[in-house]
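What follows is a set of notes on a single structure, which appears directly below.
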Amino acid sequence: MFGIPRKHSHFVFGALQSGLTSLIAAFIASFPAGNVSQFFAHWMSSWLIAWVVMLPVVILAAPFIRSASIALTRE
């Protein structure tokens with residue numbers, strides 16, 4: 001579709017997967033932390049929540065992302 005050689009589809013896959021992952025993780029992490037002294041605790045709890053949420057999302061989304069990366073590349 002975009003003319004990216006298929007041998008580079010793993011890079012396209014990684015870009016799509018990281019985009020989806022960071023989109024959801026940034027949404028979760030963007031909730032207010034309160035004050036600056038609570039930043040580290042908020043950051044760590046946001047990371048843990050994001051990881052727990054993203055693990056099944058990535059596992060379930062991987063086949064669709066792989067299909068999209070194949071559709072965006074050529075032989």
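Just remember, in the structure tokens the first chain shown is A, the second B, etc., residues are 1-based per chain, and ligands are 1-based in the order shown.
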
Using only C-alpha atoms, which residues sit within 10 Å of range 51-56 of chain A once same-chain residues fewer than 6 positions away are excluded, as a PyMOL selection string? chain A and resi 20-22+24-25+28+45+62

Proximity to Met44 in chain A - best of A:Ala29, A:Leu16, A:Ile59, A:Leu72, only C-alpha atoms: A:Ala29

Could you go through chain A and tell me which residues DSSP, when run on the backbone, assigns to helix (DSSP H, G or I), listing them as a VMD selection string? chain A and resid 6 to 29 36 to 71

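The nearest approach to Phe13 in chain A among the residues A:Asn35, A:Trp43, A:Ala26, A:Ala71, with only C-alpha atoms taken into account, belongs to A:Ala71.
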
What residues in chain A get the DSSP label strand (DSSP E or B)? Please answer as an MDAnalysis selection string. chainID A and resid 4:5 73:74

Could you work out how far CA of Trp47 in chain A lies from CA of Phe27 in chain A, giving the answer in Å with one decimal? 11.2 Å

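Computed from the coordinates, the CA of Phe2 in chain A to CA of Thr73 in chain A distance equals 6.2 Å.
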